[in-house]
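Student: Below is work_12.pdb; it holds PDB, C-alpha atoms and all ligand atoms.
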ATOM      1  CA  MET K   1      -8.417  17.985  13.701
ATOM      2  CA  LYS K   2      -8.356  14.210  14.104
ATOM      3  CA  ASN K   3      -6.058  12.149  11.882
ATOM      4  CA  LEU K   4      -5.792   8.425  11.355
ATOM      5  CA  VAL K   5      -3.450   5.925   9.695
ATOM      6  CA  VAL K   6      -5.014   2.560   8.820
ATOM      7  CA  TYR K   7      -3.179  -0.280   7.110
ATOM      8  CA  SER K   8      -3.732  -3.836   5.983
ATOM      9  CA  SER K   9      -0.705  -6.137   6.047
ATOM     10  CA  ARG K  10      -0.289  -9.921   5.882
ATOM     11  CA  THR K  11       3.486 -10.134   6.145
ATOM     12  CA  GLY K  12       4.492  -6.745   7.579
ATOM     13  CA  ASN K  13       5.563  -4.753   4.492
ATOM     14  CA  THR K  14       2.622  -2.367   4.492
ATOM     15  CA  ARG K  15       2.762  -2.077   8.276
ATOM     16  CA  LYS K  16       6.350  -0.865   7.972
ATOM     17  CA  ILE K  17       5.313   1.918   5.585
ATOM     18  CA  ALA K  18       2.317   2.723   7.826
ATOM     19  CA  GLU K  19       4.696   3.235  10.749
ATOM     20  CA  ALA K  20       6.867   5.545   8.634
ATOM     21  CA  VAL K  21       3.794   7.553   7.573
ATOM     22  CA  HIS K  22       2.561   7.688  11.164
ATOM     23  CA  SER K  23       5.935   9.049  12.322
ATOM     24  CA  VAL K  24       5.383  12.285  10.369
ATOM     25  CA  MET K  25       1.726  12.777  11.282
ATOM     26  CA  PRO K  26       0.750  15.353  13.902
ATOM     27  CA  ALA K  27       0.947  14.272  17.545
ATOM     28  CA  GLY K  28      -2.135  12.333  18.591
ATOM     29  CA  THR K  29      -2.656  10.662  15.202
ATOM     30  CA  GLU K  30      -3.961   7.132  15.645
ATOM     31  CA  LEU K  31      -2.327   4.125  13.946
ATOM     32  CA  ALA K  32      -4.485   1.025  13.475
ATOM     33  CA  ALA K  33      -4.482  -2.290  11.639
ATOM     34  CA  VAL K  34      -7.593  -2.553   9.505
ATOM     35  CA  GLU K  35      -8.889  -5.434  11.635
ATOM     36  CA  THR K  36      -9.181  -3.157  14.672
ATOM     37  CA  ALA K  37      -9.524   0.250  12.972
ATOM     38  CA  PRO K  38     -12.065   2.734  14.317
ATOM     39  CA  ASP K  39     -15.081   3.973  12.379
ATOM     40  CA  PRO K  40     -13.582   6.390   9.811
ATOM     41  CA  ALA K  41     -16.320   8.994  10.350
ATOM     42  CA  GLY K  42     -15.123  12.237  11.917
ATOM     43  CA  TYR K  43     -11.452  12.110  10.871
ATOM     44  CA  ALA K  44     -10.214  15.064   8.832
ATOM     45  CA  PHE K  45      -7.299  13.189   7.253
ATOM     46  CA  ILE K  46      -6.917   9.442   6.836
ATOM     47  CA  ALA K  47      -3.864   7.636   5.432
ATOM     48  CA  LEU K  48      -4.964   4.291   3.991
ATOM     49  CA  GLY K  49      -2.461   1.525   3.247
ATOM     50  CA  PHE K  50      -3.039  -1.707   1.324
ATOM     51  CA  TRP K  51      -1.042  -4.593  -0.131
ATOM     52  CA  VAL K  52      -1.707  -5.369  -3.762
ATOM     53  CA  ASP K  53      -3.691  -8.539  -4.341
ATOM     54  CA  LYS K  54      -4.162  -9.510  -7.992
ATOM     55  CA  GLY K  55      -3.938  -5.934  -9.167
ATOM     56  CA  GLU K  56      -6.305  -4.533  -6.527
ATOM     57  CA  PRO K  57      -6.025  -3.113  -3.048
ATOM     58  CA  ASP K  58      -6.480  -6.157  -0.772
ATOM     59  CA  ALA K  59     -10.020  -7.079   0.214
ATOM     60  CA  ALA K  60      -9.846  -5.994   3.866
ATOM     61  CA  MET K  61      -8.589  -2.505   2.979
ATOM     62  CA  SER K  62     -10.989  -2.218   0.024
ATOM     63  CA  ALA K  63     -13.901  -2.834   2.396
ATOM     64  CA  TYR K  64     -12.589  -0.195   4.803
ATOM     65  CA  MET K  65     -11.975   2.325   2.002
ATOM     66  CA  ALA K  66     -15.615   1.965   0.966
ATOM     67  CA  ARG K  67     -16.628   3.213   4.430
ATOM     68  CA  VAL K  68     -14.590   6.441   4.180
ATOM     69  CA  LYS K  69     -16.741   9.423   3.151
ATOM     70  CA  GLY K  70     -16.021  13.129   2.873
ATOM     71  CA  ALA K  71     -12.448  12.972   4.160
ATOM     72  CA  SER K  72      -9.084  14.093   2.868
ATOM     73  CA  VAL K  73      -7.087  10.936   2.279
ATOM     74  CA  GLY K  74      -3.614   9.776   1.299
ATOM     75  CA  LEU K  75      -3.159   6.314  -0.172
ATOM     76  CA  PHE K  76      -0.123   4.052   0.129
ATOM     77  CA  GLY K  77       0.540   0.524  -1.011
ATOM     78  CA  THR K  78       3.177  -2.173  -1.366
ATOM     79  CA  LEU K  79       3.471  -4.712  -4.165
ATOM     80  CA  GLY K  80       5.808  -7.251  -5.688
ATOM     81  CA  ALA K  81       5.983  -5.526  -9.086
ATOM     82  CA  TRP K  82       8.200  -2.557  -9.920
ATOM     83  CA  PRO K  83       6.724   0.592  -8.347
ATOM     84  CA  ASP K  84       7.096   2.501 -11.636
ATOM     85  CA  SER K  85       5.377  -0.233 -13.694
ATOM     86  CA  GLU K  86       2.068   0.114 -15.499
ATOM     87  CA  HIS K  87       0.748  -2.578 -13.130
ATOM     88  CA  ALA K  88       1.563  -0.373 -10.125
ATOM     89  CA  ARG K  89       0.080   2.729 -11.752
ATOM     90  CA  GLU K  90      -3.092   0.884 -12.750
ATOM     91  CA  THR K  91      -3.509  -0.521  -9.235
ATOM     92  CA  MET K  92      -3.150   2.943  -7.724
ATOM     93  CA  ARG K  93      -5.609   4.370 -10.278
ATOM     94  CA  ARG K  94      -8.109   1.732  -9.140
ATOM     95  CA  ALA K  95      -7.497   2.620  -5.511
ATOM     96  CA  VAL K  96      -8.018   6.338  -6.224
ATOM     97  CA  GLY K  97     -11.201   5.444  -8.152
ATOM     98  CA  MET K  98     -12.520   3.734  -5.024
ATOM     99  CA  MET K  99     -12.263   6.971  -3.028
ATOM    100  CA  GLU K 100     -15.071   8.876  -4.729
ATOM    101  CA  GLY K 101     -16.617  11.428  -2.369
ATOM    102  CA  ASN K 102     -13.242  12.047  -0.715
ATOM    103  CA  LYS K 103     -10.298  14.273  -1.568
ATOM    104  CA  VAL K 104      -7.223  12.234  -2.497
ATOM    105  CA  LEU K 105      -4.238  14.419  -1.575
ATOM    106  CA  GLY K 106      -1.536  12.038  -2.735
ATOM    107  CA  THR K 107      -0.344   8.477  -3.238
ATOM    108  CA  PHE K 108       2.740   6.376  -2.549
ATOM    109  CA  ILE K 109       3.634   2.854  -3.648
ATOM    110  CA  CYS K 110       6.775   0.751  -3.229
ATOM    111  CA  GLN K 111       7.932  -2.828  -3.546
ATOM    112  CA  GLY K 112       7.467  -5.345  -0.765
ATOM    113  CA  ARG K 113       8.950  -8.811  -0.302
ATOM    114  CA  VAL K 114       6.592 -11.436  -1.744
ATOM    115  CA  ASP K 115       5.602 -14.205   0.662
ATOM    116  CA  PRO K 116       7.846 -17.203  -0.193
ATOM    117  CA  LYS K 117       4.869 -19.505   0.467
ATOM    118  CA  LEU K 118       2.983 -17.840  -2.392
ATOM    119  CA  LEU K 119       5.965 -18.184  -4.709
ATOM    120  CA  ALA K 120       6.342 -21.878  -3.826
ATOM    121  CA  ALA K 121       2.633 -22.504  -4.440
ATOM    122  CA  MET K 122       2.840 -20.691  -7.783
ATOM    123  CA  ALA K 123       5.859 -22.697  -8.867
ATOM    124  CA  LYS K 124       3.852 -25.879  -8.335
ATOM    125  CA  MET K 125       0.879 -24.704 -10.437
ATOM    126  CA  ARG K 126       0.500 -26.656 -13.650
ATOM    127  CA  GLU K 127      -0.580 -23.556 -15.568
ATOM    128  CA  ASN K 128       1.469 -20.932 -13.828
ATOM    129  CA  PRO K 129       0.589 -17.528 -15.318
ATOM    130  CA  HIS K 130       3.866 -16.172 -13.889
ATOM    131  CA  ALA K 131       6.625 -18.134 -15.600
ATOM    132  CA  MET K 132      10.038 -17.635 -13.994
ATOM    133  CA  THR K 133      11.829 -15.406 -16.470
ATOM    134  CA  GLU K 134      15.128 -13.650 -15.844
ATOM    135  CA  GLU K 135      13.201 -10.376 -15.512
ATOM    136  CA  ARG K 136      10.851 -11.825 -12.921
ATOM    137  CA  LYS K 137      13.710 -13.386 -10.987
ATOM    138  CA  ALA K 138      15.479 -10.015 -10.836
ATOM    139  CA  ARG K 139      12.292  -8.262  -9.744
ATOM    140  CA  LEU K 140      11.582 -10.774  -6.961
ATOM    141  CA  LEU K 141      15.194 -10.567  -5.780
ATOM    142  CA  GLU K 142      14.882  -6.800  -5.569
ATOM    143  CA  ALA K 143      11.491  -7.070  -3.825
ATOM    144  CA  GLU K 144      13.205  -9.186  -1.143
ATOM    145  CA  LYS K 145      14.953  -6.014   0.056
ATOM    146  CA  HIS K 146      11.833  -3.878   0.383
ATOM    147  CA  PRO K 147      10.424  -1.875   1.950
ATOM    148  CA  ASP K 148      13.848  -0.510   2.876
ATOM    149  CA  GLU K 149      14.900   2.693   4.612
ATOM    150  CA  ALA K 150      14.791   4.639   1.330
ATOM    151  CA  ASP K 151      11.157   3.548   0.814
ATOM    152  CA  CYS K 152      10.282   4.637   4.361
ATOM    153  CA  ALA K 153      12.011   7.990   3.810
ATOM    154  CA  ALA K 154      10.161   8.493   0.513
ATOM    155  CA  ALA K 155       6.827   7.678   2.183
ATOM    156  CA  ARG K 156       7.578  10.114   5.005
ATOM    157  CA  GLN K 157       8.315  12.818   2.420
ATOM    158  CA  VAL K 158       5.152  12.189   0.383
ATOM    159  CA  PHE K 159       2.956  12.401   3.480
ATOM    160  CA  THR K 160       4.817  15.413   4.880
ATOM    161  CA  ASP K 161       4.101  17.184   1.577
ATOM    162  CA  MET K 162       0.418  16.199   1.743
ATOM    163  CA  LEU K 163       0.088  17.591   5.255
ATOM    164  CA  GLY K 164       1.816  20.765   4.099
ATOM    165  CA  ARG K 165      -0.670  21.176   1.276
ATOM    166  CA  MET K 166      -3.548  20.588   3.669
ATOM    167  CA  GLY K 167      -2.141  23.226   5.994
ATOM    168  CA  ALA K 168      -1.971  25.598   3.050
ATOM    169  CA  GLY K 169      -5.675  24.963   2.473
ATOM    170  CA  GLN K 170      -5.316  23.090  -0.839
TER     171      GLN K 170
HETATM  172  C1  LIG E   1      -2.269 -13.619  -2.689
HETATM  173  C2  LIG E   1      -1.289 -12.578  -3.133
HETATM  174  C3  LIG E   1      -1.541 -11.860  -4.285
HETATM  175  C4  LIG E   1      -0.635 -10.867  -4.724
HETATM  176  N1  LIG E   1      -0.907 -10.170  -5.872
HETATM  177  C5  LIG E   1      -0.002  -9.259  -6.317
HETATM  178  C6  LIG E   1      -0.247  -8.538  -7.534
HETATM  179  O1  LIG E   1      -1.276  -8.687  -8.197
HETATM  180  N2  LIG E   1       0.699  -7.669  -7.951
HETATM  181  C7  LIG E   1       1.859  -7.450  -7.253
HETATM  182  O2  LIG E   1       2.672  -6.651  -7.716
HETATM  183  N3  LIG E   1       2.105  -8.070  -6.076
HETATM  184  C8  LIG E   1       1.198  -8.977  -5.607
HETATM  185  N4  LIG E   1       1.437  -9.626  -4.412
HETATM  186  C9  LIG E   1       2.619  -9.255  -3.598
HETATM  187  C10 LIG E   1       2.239  -8.377  -2.385
HETATM  188  O3  LIG E   1       1.380  -7.328  -2.771
HETATM  189  C11 LIG E   1       3.486  -7.766  -1.735
HETATM  190  O4  LIG E   1       4.418  -8.759  -1.375
HETATM  191  C12 LIG E   1       3.124  -6.895  -0.528
HETATM  192  O5  LIG E   1       4.250  -6.118  -0.162
HETATM  193  C13 LIG E   1       2.671  -7.682   0.686
HETATM  194  O6  LIG E   1       2.408  -6.762   1.733
HETATM  195  P1  LIG E   1       2.246  -7.137   3.267
HETATM  196  O7  LIG E   1       3.579  -7.652   3.777
HETATM  197  O8  LIG E   1       1.856  -5.862   3.926
HETATM  198  O9  LIG E   1       1.190  -8.209   3.388
HETATM  199  C14 LIG E   1       0.550 -10.609  -3.967
HETATM  200  C15 LIG E   1       0.777 -11.331  -2.786
HETATM  201  C16 LIG E   1      -0.121 -12.305  -2.363
HETATM  202  C17 LIG E   1       0.159 -13.064  -1.080
END
Please express what this file holds, its structure, as structure tokens.
Tutor:
Amino acid sequence: MKNLVVYSSRTGNTRKIAEAVHSVMPAGTELAAVETAPDPAGYAFIALGFWVDKGEPDAAMSAYMARVKGASVGLFGTLGAWPDSEHARETMRRAVGMMEGNKVLGTFICQGRVDPKLLAAMAKMRENPHAMTEERKARLLEAEKHPDEADCAAARQVFTDMLGRMGAGQ
């Protein structure tokens, strides 16, 4: 059985989780950035990782996800928002909705440091939709620390469980 981990990452957060996921996959599992990922056809299990861009899986990973057919998949993502927020849940629902024709065995999402360049550009916007509230400041400060070792451990656990369920024929 061939397995694959593919991720899209601008600033390294999603790559870090991809490496954690890859570390618990069976020996021989390939790890690839989406830019150089192989054709997804023929893989039994594919772990697909995206960064959240305006409430969606980023464009590069979305395009790759659309090419995956008839596989068992696990989805993972990183975002600036709280991982237990409605925003995070809605984004993951969208991602799962994009995987029609595949079997989604599980999902994982955690916070990831937001690119300071984006924050600086937003601060300069005349009509900034993201005003700097105390809540937002606290969230961005927390995001600075992620993904951390606890996030990596949680991702490893989620994917270990998925592989276990696959092995049990579910
Ligand atoms: C252009 C842009 C749009 C983003 N949109 C969102 C968003 O809609 N919701 C969110 O929670 N985080 C958003 N983020 C934050 C990233 O999803 C987050 O920092 C992620 O961990 C980046 O992952 P990477 O290091 O793998 O590129 C955005 C970041 C950028 C640069």
Student: Evaluate the PyMOL selection byres (((chain K and resi 22) around 12) and not hetatm) and record the selected residues as a VMD selection string, following the chain and residue labels used in the document.
Tutor: chain K and resid 3 to 7 15 to 21 23 to 32 45 to 49 74 76 152 to 153 155 to 160 163
Student: Starting from the PyMOL selection byres (((not hetatm)) within 8 of (chain E and resi 1)), expand the selection into actual residues of this file and give them as a PyMOL selection string.
Tutor: chain K and resi 8-16+50-56+77-82+87-88+110-115+118+143+146-147
Student: Keeping only C-alpha atoms, take the residues you just selected and write them out as a PDB file, in the frame of the given file.
Tutor:
ATOM      1  CA  SER K   8      -3.732  -3.836   5.983  1.00  0.00           C
ATOM      2  CA  SER K   9      -0.705  -6.137   6.047  1.00  0.00           C
ATOM      3  CA  ARG K  10      -0.289  -9.921   5.882  1.00  0.00           C
ATOM      4  CA  THR K  11       3.486 -10.134   6.145  1.00  0.00           C
ATOM      5  CA  GLY K  12       4.492  -6.745   7.579  1.00  0.00           C
ATOM      6  CA  ASN K  13       5.563  -4.753   4.492  1.00  0.00           C
ATOM      7  CA  THR K  14       2.622  -2.367   4.492  1.00  0.00           C
ATOM      8  CA  ARG K  15       2.762  -2.077   8.276  1.00  0.00           C
ATOM      9  CA  LYS K  16       6.350  -0.865   7.972  1.00  0.00           C
ATOM     10  CA  PHE K  50      -3.039  -1.707   1.324  1.00  0.00           C
ATOM     11  CA  TRP K  51      -1.042  -4.593  -0.131  1.00  0.00           C
ATOM     12  CA  VAL K  52      -1.707  -5.369  -3.762  1.00  0.00           C
ATOM     13  CA  ASP K  53      -3.691  -8.539  -4.341  1.00  0.00           C
ATOM     14  CA  LYS K  54      -4.162  -9.510  -7.992  1.00  0.00           C
ATOM     15  CA  GLY K  55      -3.938  -5.934  -9.167  1.00  0.00           C
ATOM     16  CA  GLU K  56      -6.305  -4.533  -6.527  1.00  0.00           C
ATOM     17  CA  GLY K  77       0.540   0.524  -1.011  1.00  0.00           C
ATOM     18  CA  THR K  78       3.177  -2.173  -1.366  1.00  0.00           C
ATOM     19  CA  LEU K  79       3.471  -4.712  -4.165  1.00  0.00           C
ATOM     20  CA  GLY K  80       5.808  -7.251  -5.688  1.00  0.00           C
ATOM     21  CA  ALA K  81       5.983  -5.526  -9.086  1.00  0.00           C
ATOM     22  CA  TRP K  82       8.200  -2.557  -9.920  1.00  0.00           C
ATOM     23  CA  HIS K  87       0.748  -2.578 -13.130  1.00  0.00           C
ATOM     24  CA  ALA K  88       1.563  -0.373 -10.125  1.00  0.00           C
ATOM     25  CA  CYS K 110       6.775   0.751  -3.229  1.00  0.00           C
ATOM     26  CA  GLN K 111       7.932  -2.828  -3.546  1.00  0.00           C
ATOM     27  CA  GLY K 112       7.467  -5.345  -0.765  1.00  0.00           C
ATOM     28  CA  ARG K 113       8.950  -8.811  -0.302  1.00  0.00           C
ATOM     29  CA  VAL K 114       6.592 -11.436  -1.744  1.00  0.00           C
ATOM     30  CA  ASP K 115       5.602 -14.205   0.662  1.00  0.00           C
ATOM     31  CA  LEU K 118       2.983 -17.840  -2.392  1.00  0.00           C
ATOM     32  CA  ALA K 143      11.491  -7.070  -3.825  1.00  0.00           C
ATOM     33  CA  HIS K 146      11.833  -3.878   0.383  1.00  0.00           C
ATOM     34  CA  PRO K 147      10.424  -1.875   1.950  1.00  0.00           C
TER      35      PRO K 147
END
Student: Tell me, in Å to one decimal, how far atom CA of Asn102 of chain K is from atom CA of Ala154 of chain K.
Tutor: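 So the two atoms, atom CA of Asn102 of chain K and atom CA of Ala154 of chain K, lie 23.7 Å apart.
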Student: Quick one: pull the distance between atom CA of Glu127 of chain K and atom CA of Arg93 of chain K, Å, one decimal.
Tutor: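 For atom CA of Glu127 of chain K relative to atom CA of Arg93 of chain K, the distance reads 28.9 Å.
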Student: What is the atom CA of Pro57 of chain K-atom CA of Gly106 of chain K distance in Å, reported with one decimal?
Tutor: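 Computing it gives 15.8 Å between the two atoms.
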Student: Counting only C-alpha atoms, which of K:Pro116, K:Met166, K:Ala41, K:Leu75 gets nearest to Met61 of chain K?
Tutor: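 Closest residue, counting only C-alpha atoms: K:Leu75.
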Student: Extract, using all atoms listed in the file, all DNA, RNA and protein residues at most 8 Å from Pro40 of chain K, discarding same-chain residues fewer than 4 positions from it, and format them as a PyMOL selection string.
Tutor: chain K and resi 46+67-69
Student: Could you check the closest approach to Asp58 of chain K for each of K:Gly167, K:Arg94, K:Glu144, K:Thr133 and tell me which residue wins, using all atoms listed in the file?
Tutor: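 For Asp58 of chain K, the nearest of the candidates is K:Arg94.
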Student: Measuring atom to atom with all atoms listed in the file, identify which of K:Ala59, K:Leu105, K:Leu140, K:Met99 is nearest to Gly164 of chain K.
Tutor: K:Leu105
Student: What would segment 136-152 of chain K look like with N, CA and C atoms restored, written as a PDB file, in the frame of the given file?
Tutor:
ATOM      1  N   ARG K 136      11.647 -11.607 -14.137  1.00  0.00           N
ATOM      2  CA  ARG K 136      10.851 -11.825 -12.921  1.00  0.00           C
ATOM      3  C   ARG K 136      11.755 -12.183 -11.738  1.00  0.00           C
ATOM      4  N   LYS K 137      12.770 -13.005 -12.041  1.00  0.00           N
ATOM      5  CA  LYS K 137      13.710 -13.386 -10.987  1.00  0.00           C
ATOM      6  C   LYS K 137      14.382 -12.132 -10.392  1.00  0.00           C
ATOM      7  N   ALA K 138      14.805 -11.241 -11.280  1.00  0.00           N
ATOM      8  CA  ALA K 138      15.479 -10.015 -10.836  1.00  0.00           C
ATOM      9  C   ALA K 138      14.524  -9.149 -10.008  1.00  0.00           C
ATOM     10  N   ARG K 139      13.282  -9.086 -10.455  1.00  0.00           N
ATOM     11  CA  ARG K 139      12.292  -8.262  -9.744  1.00  0.00           C
ATOM     12  C   ARG K 139      12.018  -8.823  -8.350  1.00  0.00           C
ATOM     13  N   LEU K 140      11.867 -10.161  -8.262  1.00  0.00           N
ATOM     14  CA  LEU K 140      11.582 -10.774  -6.961  1.00  0.00           C
ATOM     15  C   LEU K 140      12.790 -10.647  -6.024  1.00  0.00           C
ATOM     16  N   LEU K 141      13.985 -10.739  -6.594  1.00  0.00           N
ATOM     17  CA  LEU K 141      15.194 -10.567  -5.780  1.00  0.00           C
ATOM     18  C   LEU K 141      15.260  -9.159  -5.212  1.00  0.00           C
ATOM     19  N   GLU K 142      14.894  -8.185  -6.041  1.00  0.00           N
ATOM     20  CA  GLU K 142      14.882  -6.800  -5.569  1.00  0.00           C
ATOM     21  C   GLU K 142      13.792  -6.613  -4.510  1.00  0.00           C
ATOM     22  N   ALA K 143      12.613  -7.201  -4.776  1.00  0.00           N
ATOM     23  CA  ALA K 143      11.491  -7.070  -3.825  1.00  0.00           C
ATOM     24  C   ALA K 143      11.875  -7.582  -2.442  1.00  0.00           C
ATOM     25  N   GLU K 144      12.726  -8.621  -2.417  1.00  0.00           N
ATOM     26  CA  GLU K 144      13.205  -9.186  -1.143  1.00  0.00           C
ATOM     27  C   GLU K 144      13.717  -8.111  -0.186  1.00  0.00           C
ATOM     28  N   LYS K 145      14.278  -7.036  -0.774  1.00  0.00           N
ATOM     29  CA  LYS K 145      14.953  -6.014   0.056  1.00  0.00           C
ATOM     30  C   LYS K 145      14.019  -4.900   0.509  1.00  0.00           C
ATOM     31  N   HIS K 146      12.739  -5.004   0.131  1.00  0.00           N
ATOM     32  CA  HIS K 146      11.833  -3.878   0.383  1.00  0.00           C
ATOM     33  C   HIS K 146      10.677  -4.270   1.298  1.00  0.00           C
ATOM     34  N   PRO K 147      10.050  -3.281   1.952  1.00  0.00           N
ATOM     35  CA  PRO K 147      10.424  -1.875   1.950  1.00  0.00           C
ATOM     36  C   PRO K 147      11.728  -1.659   2.728  1.00  0.00           C
ATOM     37  N   ASP K 148      12.602  -0.817   2.188  1.00  0.00           N
ATOM     38  CA  ASP K 148      13.848  -0.510   2.876  1.00  0.00           C
ATOM     39  C   ASP K 148      13.795   0.923   3.435  1.00  0.00           C
ATOM     40  N   GLU K 149      14.903   1.371   3.969  1.00  0.00           N
ATOM     41  CA  GLU K 149      14.900   2.693   4.612  1.00  0.00           C
ATOM     42  C   GLU K 149      14.607   3.803   3.606  1.00  0.00           C
ATOM     43  N   ALA K 150      15.069   3.614   2.355  1.00  0.00           N
ATOM     44  CA  ALA K 150      14.791   4.639   1.330  1.00  0.00           C
ATOM     45  C   ALA K 150      13.283   4.714   1.036  1.00  0.00           C
ATOM     46  N   ASP K 151      12.613   3.558   1.022  1.00  0.00           N
ATOM     47  CA  ASP K 151      11.157   3.548   0.814  1.00  0.00           C
ATOM     48  C   ASP K 151      10.460   4.284   1.964  1.00  0.00           C
ATOM     49  N   CYS K 152      10.898   3.988   3.189  1.00  0.00           N
ATOM     50  CA  CYS K 152      10.282   4.637   4.361  1.00  0.00           C
ATOM     51  C   CYS K 152      10.500   6.150   4.294  1.00  0.00           C
TER      52      CYS K 152
END
